[in-house]
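Asks: Just so it is clear, I am handing over structure_27.cif, which has mmCIF, N, CA, C and O atoms.
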data_final
loop_
_atom_site.label_atom_id
_atom_site.label_comp_id
_atom_site.auth_asym_id
_atom_site.auth_seq_id
_atom_site.Cartn_x
_atom_site.Cartn_y
_atom_site.Cartn_z
N MET A 1 27.54 -20.14 26.75
CA MET A 1 26.36 -20.93 27.04
C MET A 1 26.66 -21.81 28.25
O MET A 1 27.66 -22.52 28.27
N PRO A 2 25.77 -21.80 29.22
CA PRO A 2 25.96 -22.66 30.39
C PRO A 2 25.97 -24.15 30.00
O PRO A 2 25.27 -24.56 29.07
N GLN A 3 26.75 -24.92 30.72
CA GLN A 3 26.90 -26.35 30.43
C GLN A 3 25.56 -27.08 30.47
O GLN A 3 25.29 -27.93 29.63
N GLN A 4 24.71 -26.76 31.44
CA GLN A 4 23.41 -27.43 31.56
C GLN A 4 22.55 -27.21 30.32
O GLN A 4 21.89 -28.13 29.85
N LEU A 5 22.57 -26.00 29.78
CA LEU A 5 21.81 -25.69 28.58
C LEU A 5 22.36 -26.45 27.38
O LEU A 5 21.61 -27.01 26.59
N ALA A 6 23.68 -26.49 27.28
CA ALA A 6 24.31 -27.24 26.19
C ALA A 6 23.96 -28.72 26.29
O ALA A 6 23.67 -29.37 25.27
N ASN A 7 23.96 -29.28 27.50
CA ASN A 7 23.59 -30.68 27.71
C ASN A 7 22.14 -30.92 27.30
O ASN A 7 21.83 -31.93 26.66
N PHE A 8 21.25 -30.01 27.70
CA PHE A 8 19.84 -30.14 27.36
C PHE A 8 19.65 -30.15 25.84
O PHE A 8 18.93 -31.00 25.30
N LYS A 9 20.32 -29.24 25.15
CA LYS A 9 20.21 -29.17 23.69
C LYS A 9 20.75 -30.44 23.05
O LYS A 9 20.15 -30.98 22.12
N ALA A 10 21.87 -30.92 23.55
CA ALA A 10 22.46 -32.14 22.99
C ALA A 10 21.53 -33.33 23.16
O ALA A 10 21.34 -34.12 22.23
N GLU A 11 20.91 -33.46 24.33
CA GLU A 11 19.97 -34.56 24.57
C GLU A 11 18.73 -34.44 23.68
O GLU A 11 18.21 -35.44 23.19
N PHE A 12 18.28 -33.22 23.47
CA PHE A 12 17.13 -32.99 22.58
C PHE A 12 17.46 -33.46 21.17
O PHE A 12 16.69 -34.21 20.56
N PHE A 13 18.62 -33.07 20.65
CA PHE A 13 18.99 -33.46 19.30
C PHE A 13 19.31 -34.95 19.20
O PHE A 13 19.07 -35.57 18.16
N LYS A 14 19.82 -35.53 20.27
CA LYS A 14 20.04 -36.99 20.28
C LYS A 14 18.72 -37.72 20.10
O LYS A 14 18.65 -38.75 19.42
N ALA A 15 17.67 -37.20 20.73
CA ALA A 15 16.36 -37.83 20.61
C ALA A 15 15.85 -37.78 19.18
O ALA A 15 15.09 -38.64 18.75
N LEU A 16 16.26 -36.78 18.44
CA LEU A 16 15.85 -36.66 17.04
C LEU A 16 16.76 -37.44 16.10
O LEU A 16 16.45 -37.57 14.91
N ALA A 17 17.85 -37.94 16.61
CA ALA A 17 18.90 -38.53 15.77
C ALA A 17 18.65 -39.99 15.43
O ALA A 17 19.53 -40.84 15.59
N HIS A 18 17.46 -40.28 14.94
CA HIS A 18 17.15 -41.64 14.50
C HIS A 18 16.14 -41.55 13.37
O HIS A 18 15.14 -40.84 13.49
N PRO A 19 16.38 -42.25 12.27
CA PRO A 19 15.49 -42.13 11.11
C PRO A 19 14.03 -42.48 11.41
O PRO A 19 13.13 -41.81 10.90
N ILE A 20 13.80 -43.47 12.24
CA ILE A 20 12.41 -43.83 12.55
C ILE A 20 11.74 -42.71 13.34
O ILE A 20 10.58 -42.39 13.10
N ARG A 21 12.46 -42.10 14.25
CA ARG A 21 11.86 -41.01 15.03
C ARG A 21 11.52 -39.82 14.15
O ARG A 21 10.47 -39.20 14.32
N ILE A 22 12.39 -39.53 13.19
CA ILE A 22 12.10 -38.44 12.25
C ILE A 22 10.85 -38.80 11.42
O ILE A 22 9.97 -37.96 11.22
N ARG A 23 10.77 -40.03 10.98
CA ARG A 23 9.61 -40.46 10.19
C ARG A 23 8.33 -40.40 11.03
O ARG A 23 7.27 -40.01 10.53
N ILE A 24 8.42 -40.78 12.29
CA ILE A 24 7.26 -40.69 13.19
C ILE A 24 6.80 -39.25 13.29
O ILE A 24 5.61 -38.94 13.16
N LEU A 25 7.75 -38.35 13.52
CA LEU A 25 7.38 -36.94 13.64
C LEU A 25 6.75 -36.42 12.36
O LEU A 25 5.77 -35.67 12.41
N ASP A 26 7.28 -36.82 11.22
CA ASP A 26 6.68 -36.40 9.96
C ASP A 26 5.24 -36.90 9.84
O ASP A 26 4.37 -36.19 9.33
N CYS A 27 4.97 -38.09 10.34
CA CYS A 27 3.60 -38.63 10.32
C CYS A 27 2.67 -37.83 11.24
O CYS A 27 1.46 -37.76 11.01
N LEU A 28 3.22 -37.23 12.27
CA LEU A 28 2.41 -36.49 13.24
C LEU A 28 2.12 -35.05 12.80
O LEU A 28 1.39 -34.34 13.48
N ARG A 29 2.66 -34.65 11.66
CA ARG A 29 2.39 -33.29 11.15
C ARG A 29 0.90 -33.05 10.96
O ARG A 29 0.40 -31.96 11.18
N ASP A 30 0.19 -34.10 10.53
CA ASP A 30 -1.24 -33.96 10.24
C ASP A 30 -2.12 -34.14 11.46
O ASP A 30 -3.34 -34.10 11.34
N GLY A 31 -1.53 -34.39 12.60
CA GLY A 31 -2.31 -34.57 13.81
C GLY A 31 -1.95 -35.86 14.52
O GLY A 31 -1.09 -36.62 14.08
N GLU A 32 -2.64 -36.09 15.62
CA GLU A 32 -2.29 -37.22 16.46
C GLU A 32 -2.61 -38.56 15.80
O GLU A 32 -3.52 -38.66 14.97
N LYS A 33 -1.81 -39.54 16.18
CA LYS A 33 -1.97 -40.90 15.66
C LYS A 33 -1.61 -41.89 16.76
O LYS A 33 -0.78 -41.61 17.61
N GLY A 34 -2.23 -43.06 16.67
CA GLY A 34 -1.92 -44.14 17.59
C GLY A 34 -0.79 -45.00 17.07
O GLY A 34 -0.37 -44.89 15.91
N VAL A 35 -0.28 -45.86 17.92
CA VAL A 35 0.84 -46.74 17.57
C VAL A 35 0.50 -47.60 16.36
O VAL A 35 1.31 -47.73 15.44
N ASN A 36 -0.69 -48.20 16.35
CA ASN A 36 -1.05 -49.09 15.24
C ASN A 36 -1.11 -48.33 13.92
O ASN A 36 -0.67 -48.85 12.89
N GLU A 37 -1.67 -47.14 13.94
CA GLU A 37 -1.73 -46.34 12.71
C GLU A 37 -0.34 -45.97 12.24
O GLU A 37 -0.02 -46.09 11.05
N LEU A 38 0.53 -45.56 13.16
CA LEU A 38 1.91 -45.24 12.80
C LEU A 38 2.61 -46.48 12.26
O LEU A 38 3.36 -46.40 11.28
N SER A 39 2.38 -47.61 12.89
CA SER A 39 2.98 -48.86 12.46
C SER A 39 2.59 -49.19 11.01
O SER A 39 3.44 -49.59 10.21
N GLU A 40 1.32 -49.02 10.69
CA GLU A 40 0.85 -49.29 9.33
C GLU A 40 1.46 -48.31 8.32
O GLU A 40 1.91 -48.73 7.25
N ILE A 41 1.48 -47.04 8.66
CA ILE A 41 2.01 -46.03 7.75
C ILE A 41 3.49 -46.27 7.49
O ILE A 41 3.96 -46.20 6.35
N LEU A 42 4.23 -46.54 8.56
CA LEU A 42 5.69 -46.67 8.46
C LEU A 42 6.14 -48.08 8.09
O LEU A 42 7.33 -48.30 7.81
N ARG A 43 5.21 -49.04 8.15
CA ARG A 43 5.53 -50.45 7.90
C ARG A 43 6.63 -50.94 8.84
O ARG A 43 7.64 -51.52 8.42
N ILE A 44 6.42 -50.63 10.10
CA ILE A 44 7.34 -51.01 11.18
C ILE A 44 6.51 -51.68 12.27
O ILE A 44 5.37 -51.29 12.52
N GLU A 45 7.09 -52.67 12.92
CA GLU A 45 6.39 -53.37 13.99
C GLU A 45 5.94 -52.39 15.08
O GLU A 45 6.69 -51.48 15.44
N PRO A 46 4.72 -52.60 15.62
CA PRO A 46 4.23 -51.72 16.68
C PRO A 46 5.18 -51.61 17.88
O PRO A 46 5.32 -50.53 18.46
N ALA A 47 5.85 -52.70 18.23
CA ALA A 47 6.78 -52.66 19.36
C ALA A 47 7.92 -51.68 19.10
O ALA A 47 8.34 -50.95 20.00
N ASN A 48 8.41 -51.66 17.86
CA ASN A 48 9.49 -50.73 17.50
C ASN A 48 8.98 -49.29 17.51
O ASN A 48 9.67 -48.39 17.99
N VAL A 49 7.78 -49.07 17.00
CA VAL A 49 7.19 -47.73 17.03
C VAL A 49 7.05 -47.27 18.48
O VAL A 49 7.42 -46.13 18.82
N SER A 50 6.54 -48.14 19.33
CA SER A 50 6.37 -47.79 20.75
C SER A 50 7.69 -47.45 21.42
O SER A 50 7.78 -46.50 22.21
N GLN A 51 8.72 -48.21 21.08
CA GLN A 51 10.05 -47.97 21.65
C GLN A 51 10.55 -46.58 21.24
O GLN A 51 11.08 -45.83 22.08
N GLN A 52 10.38 -46.23 19.98
CA GLN A 52 10.86 -44.93 19.50
C GLN A 52 10.01 -43.80 20.08
O GLN A 52 10.53 -42.73 20.42
N LEU A 53 8.71 -44.01 20.19
CA LEU A 53 7.84 -43.00 20.80
C LEU A 53 8.22 -42.77 22.26
O LEU A 53 8.16 -41.63 22.75
N ALA A 54 8.62 -43.82 22.96
CA ALA A 54 9.02 -43.68 24.37
C ALA A 54 10.21 -42.74 24.49
O ALA A 54 10.26 -41.90 25.40
N ILE A 55 11.15 -42.85 23.57
CA ILE A 55 12.32 -41.97 23.60
C ILE A 55 11.90 -40.53 23.34
O ILE A 55 12.35 -39.60 24.03
N LEU A 56 11.01 -40.34 22.37
CA LEU A 56 10.52 -38.98 22.08
C LEU A 56 9.70 -38.43 23.24
O LEU A 56 9.76 -37.23 23.53
N ARG A 57 8.97 -39.29 23.90
CA ARG A 57 8.14 -38.86 25.03
C ARG A 57 9.01 -38.43 26.21
O ARG A 57 8.72 -37.43 26.87
N VAL A 58 10.07 -39.17 26.49
CA VAL A 58 10.96 -38.84 27.61
C VAL A 58 11.57 -37.44 27.43
O VAL A 58 11.76 -36.71 28.39
N ARG A 59 11.84 -37.07 26.18
CA ARG A 59 12.43 -35.75 25.89
C ARG A 59 11.36 -34.69 25.68
O ARG A 59 11.66 -33.58 25.29
N ASN A 60 10.09 -35.06 25.94
CA ASN A 60 8.96 -34.14 25.78
C ASN A 60 8.80 -33.62 24.35
O ASN A 60 8.35 -32.49 24.13
N ILE A 61 9.18 -34.43 23.39
CA ILE A 61 9.03 -34.07 21.98
C ILE A 61 7.64 -34.46 21.50
O ILE A 61 7.05 -33.77 20.67
N VAL A 62 7.11 -35.56 22.03
CA VAL A 62 5.73 -35.94 21.75
C VAL A 62 5.00 -36.09 23.08
O VAL A 62 5.62 -36.29 24.13
N ILE A 63 3.69 -35.97 22.99
CA ILE A 63 2.84 -36.19 24.16
C ILE A 63 1.80 -37.23 23.78
O ILE A 63 1.46 -37.38 22.60
N GLY A 64 1.32 -37.94 24.77
CA GLY A 64 0.30 -38.96 24.55
C GLY A 64 -1.01 -38.58 25.21
O GLY A 64 -1.02 -37.98 26.28
N ARG A 65 -2.10 -38.94 24.53
CA ARG A 65 -3.44 -38.74 25.08
C ARG A 65 -4.11 -40.10 25.11
O ARG A 65 -4.25 -40.76 24.09
N LYS A 66 -4.49 -40.53 26.31
CA LYS A 66 -5.10 -41.85 26.48
C LYS A 66 -6.60 -41.74 26.21
O LYS A 66 -7.26 -40.84 26.71
N ALA A 67 -7.08 -42.68 25.38
CA ALA A 67 -8.52 -42.77 25.10
C ALA A 67 -8.88 -44.25 25.15
O ALA A 67 -8.57 -45.00 24.21
N GLY A 68 -9.47 -44.67 26.24
CA GLY A 68 -9.77 -46.09 26.43
C GLY A 68 -8.48 -46.88 26.53
O GLY A 68 -7.61 -46.56 27.34
N ASN A 69 -8.33 -47.89 25.67
CA ASN A 69 -7.11 -48.70 25.67
C ASN A 69 -6.04 -48.15 24.74
O ASN A 69 -4.97 -48.74 24.64
N ASN A 70 -6.34 -47.08 24.05
CA ASN A 70 -5.41 -46.53 23.07
C ASN A 70 -4.74 -45.26 23.57
O ASN A 70 -5.31 -44.52 24.39
N VAL A 71 -3.53 -45.03 23.07
CA VAL A 71 -2.82 -43.79 23.33
C VAL A 71 -2.56 -43.15 21.97
O VAL A 71 -2.08 -43.80 21.05
N TYR A 72 -2.92 -41.88 21.87
CA TYR A 72 -2.72 -41.13 20.63
C TYR A 72 -1.63 -40.09 20.87
O TYR A 72 -1.66 -39.36 21.86
N TYR A 73 -0.67 -40.08 19.96
CA TYR A 73 0.51 -39.23 20.11
C TYR A 73 0.44 -38.04 19.18
O TYR A 73 -0.08 -38.12 18.07
N SER A 74 0.99 -36.93 19.67
CA SER A 74 1.11 -35.72 18.86
C SER A 74 2.39 -34.99 19.28
O SER A 74 2.97 -35.29 20.32
N ALA A 75 2.80 -34.06 18.44
CA ALA A 75 3.98 -33.25 18.76
C ALA A 75 3.64 -32.34 19.94
O ALA A 75 2.55 -31.76 19.99
N SER A 76 4.56 -32.20 20.86
CA SER A 76 4.31 -31.35 22.02
C SER A 76 4.36 -29.87 21.65
O SER A 76 3.77 -29.04 22.34
N ASP A 77 5.05 -29.56 20.56
CA ASP A 77 5.17 -28.17 20.11
C ASP A 77 5.26 -28.20 18.58
O ASP A 77 6.19 -28.78 18.02
N ARG A 78 4.32 -27.58 17.92
CA ARG A 78 4.26 -27.61 16.45
C ARG A 78 5.47 -26.91 15.81
O ARG A 78 5.76 -27.14 14.64
N ARG A 79 6.17 -26.08 16.56
CA ARG A 79 7.37 -25.43 16.01
C ARG A 79 8.45 -26.45 15.68
O ARG A 79 9.36 -26.16 14.90
N LEU A 80 8.34 -27.64 16.24
CA LEU A 80 9.27 -28.71 15.94
C LEU A 80 9.29 -28.99 14.43
O LEU A 80 10.35 -29.27 13.86
N PHE A 81 8.14 -28.88 13.79
CA PHE A 81 8.07 -29.13 12.35
C PHE A 81 8.84 -28.08 11.56
O PHE A 81 9.44 -28.37 10.54
N ARG A 82 8.84 -26.84 12.07
CA ARG A 82 9.66 -25.79 11.42
C ARG A 82 11.13 -26.14 11.54
O ARG A 82 11.90 -25.95 10.59
N LEU A 83 11.54 -26.65 12.71
CA LEU A 83 12.92 -27.06 12.91
C LEU A 83 13.30 -28.15 11.92
O LEU A 83 14.36 -28.10 11.29
N LEU A 84 12.44 -29.15 11.75
CA LEU A 84 12.71 -30.22 10.81
C LEU A 84 12.76 -29.70 9.37
O LEU A 84 13.58 -30.15 8.57
N ASP A 85 11.89 -28.74 9.05
CA ASP A 85 11.90 -28.15 7.71
C ASP A 85 13.18 -27.37 7.44
O ASP A 85 13.75 -27.44 6.36
N VAL A 86 13.64 -26.63 8.45
CA VAL A 86 14.90 -25.89 8.29
C VAL A 86 16.06 -26.87 8.12
O VAL A 86 16.92 -26.67 7.26
N ALA A 87 16.06 -27.94 8.90
CA ALA A 87 17.12 -28.96 8.75
C ALA A 87 17.08 -29.54 7.35
O ALA A 87 18.13 -29.73 6.72
N LYS A 88 15.90 -29.82 6.84
CA LYS A 88 15.77 -30.36 5.48
C LYS A 88 16.34 -29.37 4.45
O LYS A 88 17.06 -29.77 3.52
N ASP A 89 16.05 -28.09 4.63
CA ASP A 89 16.60 -27.07 3.71
C ASP A 89 18.12 -27.03 3.78
O ASP A 89 18.79 -26.93 2.75
N ILE A 90 18.66 -27.13 4.98
CA ILE A 90 20.12 -27.13 5.14
C ILE A 90 20.72 -28.33 4.43
O ILE A 90 21.71 -28.22 3.70
N PHE A 91 20.12 -29.51 4.63
CA PHE A 91 20.63 -30.72 3.98
C PHE A 91 20.53 -30.61 2.47
O PHE A 91 21.45 -31.00 1.75
N ASN A 92 19.40 -30.08 1.98
CA ASN A 92 19.25 -29.92 0.53
C ASN A 92 20.29 -28.97 -0.04
O ASN A 92 20.87 -29.23 -1.10
N ASN A 93 20.55 -27.87 0.67
CA ASN A 93 21.58 -26.93 0.21
C ASN A 93 22.96 -27.59 0.20
O ASN A 93 23.75 -27.38 -0.70
N HIS A 94 23.22 -28.40 1.21
CA HIS A 94 24.49 -29.12 1.28
C HIS A 94 24.61 -30.08 0.10
O HIS A 94 25.67 -30.17 -0.53
N LEU A 95 23.52 -30.80 -0.19
CA LEU A 95 23.55 -31.75 -1.30
C LEU A 95 23.74 -31.04 -2.64
O LEU A 95 24.45 -31.55 -3.51
N VAL A 96 23.14 -29.88 -2.79
CA VAL A 96 23.34 -29.11 -4.03
C VAL A 96 24.81 -28.73 -4.16
O VAL A 96 25.40 -28.86 -5.24
N GLY A 97 25.42 -28.30 -3.06
CA GLY A 97 26.84 -27.94 -3.09
C GLY A 97 27.71 -29.13 -3.43
O GLY A 97 28.66 -29.03 -4.21
N VAL A 98 27.41 -30.28 -2.86
CA VAL A 98 28.17 -31.50 -3.15
C VAL A 98 27.99 -31.89 -4.61
O VAL A 98 28.96 -32.24 -5.29
N ARG A 99 26.77 -31.81 -5.10
CA ARG A 99 26.49 -32.16 -6.49
C ARG A 99 27.29 -31.25 -7.44
O ARG A 99 27.88 -31.71 -8.40
N GLU A 100 27.29 -29.95 -7.14
CA GLU A 100 28.04 -29.00 -7.98
C GLU A 100 29.53 -29.32 -7.95
O GLU A 100 30.19 -29.28 -8.98
N MET A 101 30.05 -29.65 -6.76
CA MET A 101 31.47 -30.01 -6.66
C MET A 101 31.78 -31.25 -7.47
O MET A 101 32.78 -31.30 -8.18
N LEU A 102 30.91 -32.25 -7.39
CA LEU A 102 31.12 -33.48 -8.17
C LEU A 102 31.05 -33.20 -9.67
O LEU A 102 31.83 -33.79 -10.44
N GLN A 103 30.18 -32.33 -10.08
CA GLN A 103 30.10 -31.98 -11.49
C GLN A 103 31.36 -31.27 -11.95
O GLN A 103 31.85 -31.52 -13.05
N GLN A 104 31.92 -30.42 -11.10
CA GLN A 104 33.17 -29.73 -11.44
C GLN A 104 34.31 -30.73 -11.54
O GLN A 104 35.14 -30.64 -12.44
N ILE A 105 34.36 -31.68 -10.63
CA ILE A 105 35.41 -32.70 -10.66
C ILE A 105 35.25 -33.54 -11.92
O ILE A 105 36.22 -33.84 -12.60
N ASP A 106 34.02 -33.90 -12.23
CA ASP A 106 33.75 -34.72 -13.41
C ASP A 106 34.12 -33.96 -14.69
O ASP A 106 34.70 -34.54 -15.62
N ALA A 107 33.82 -32.68 -14.73
CA ALA A 107 34.13 -31.86 -15.92
C ALA A 107 35.64 -31.69 -16.07
O ALA A 107 36.14 -31.60 -17.20
N ALA A 108 36.37 -31.65 -14.97
CA ALA A 108 37.83 -31.48 -15.02
C ALA A 108 38.54 -32.77 -15.43
O ALA A 108 39.69 -32.73 -15.84
N SER A 109 37.86 -33.91 -15.32
CA SER A 109 38.50 -35.18 -15.64
C SER A 109 38.57 -35.42 -17.12
O SER A 109 37.87 -35.08 -17.93
#
Could you express the structure from this file as structure tokens?
Replies:
Amino acid sequence: MPQQLANFKAEFFKALAHPIRIRILDCLRDGEKGVNELSEILRIEPANVSQQLAILRVRNIVIGRKAGNNVYYSASDRRLFRLLDVAKDIFNNHLVGVREMLQQIDAAS
């Protein structure tokens, strides 16, 4: 894999590597939302939501649509949600494996 491609992928995943950004993306599954709506749903200050959206926007993970004084955000590519779902499945499988290992350790004690 060329270094530039590896760098691009790493930067993309870095942009996803924050719990608030993941939560924002999950909120956008149902369609576009403004900062205030996201702030209410996530119970996070609008300034913090805006800061996290800016990071996602720079990496072209979300796009904004201006309507009057408001900006409404949506995922730039809906396949992103499949990526998040696959990651969730991987994490769940990992947790099942860890749980089974802990049960084996507990049973051996």
Asks: In range 6-104 of chain A, what's helix (DSSP H, G or I) per DSSP? Answer as a ChimeraX atom specification?
Replies: /A:6-16,19-30,35-42,46-58,79-104
Asks: Applying the PyMOL selection byres (((chain A and resi 63-72 and name CA) around 8) and name CA) to the file I just gave you, which residues come out? Please list them as a list in words.
Replies: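 In the shown coordinates, the PyMOL selection byres (((chain A and resi 63-72 and name CA) around 8) and name CA) covers Glu32, Lys33, Gly34, Val35, Arg57, Asn60, Ile61, Val62, Tyr73, Ser74, Ala75 and Ser76 of chain A.
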Asks: Go through the shown structure with the PyMOL selection byres (((chain A and resi 25 and name CA) around 12) and name CA) and write out the matching residues as JSON, numbers by chain.
Replies: {"A": [15, 16, 17, 18, 19, 20, 21, 22, 23, 24, 26, 27, 28, 29, 30, 31, 32, 33, 38, 42, 49, 52, 53, 56, 57, 61, 62, 63, 73, 74, 75, 76, 77, 78, 79, 80, 81, 82, 83, 84, 85]}
Asks: Rounded to one decimal, what separation in Å do you get between CA of Ala107 in chain A and CA of His94 in chain A?
Replies: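 Interatomic distance here is 19.9 Å.
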Asks: First collect every listed atom of range 78-89 of chain A; then fit an axis-aligned box around them, widen it by 5 Å on each side, and give centre and edge lengths in Å to one decimal, as JSON.
Replies:
{"center_x": 11.5, "center_y": -27.9, "center_z": 10.3, "size_x": 24.5, "size_y": 14.9, "size_z": 25.2}
Asks: Between CA of Phe12 in chain A and CA of Arg59 in chain A, what is the distance in Å, rounded to a tenth?
Replies: 6.4 Å
Asks: Grab the atom N of Asn92 in chain A to CA of Asn7 in chain A distance for me, in Å with one decimal place.
Replies: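 Between atom N of Asn92 in chain A and CA of Asn7 in chain A the gap is 26.1 Å.
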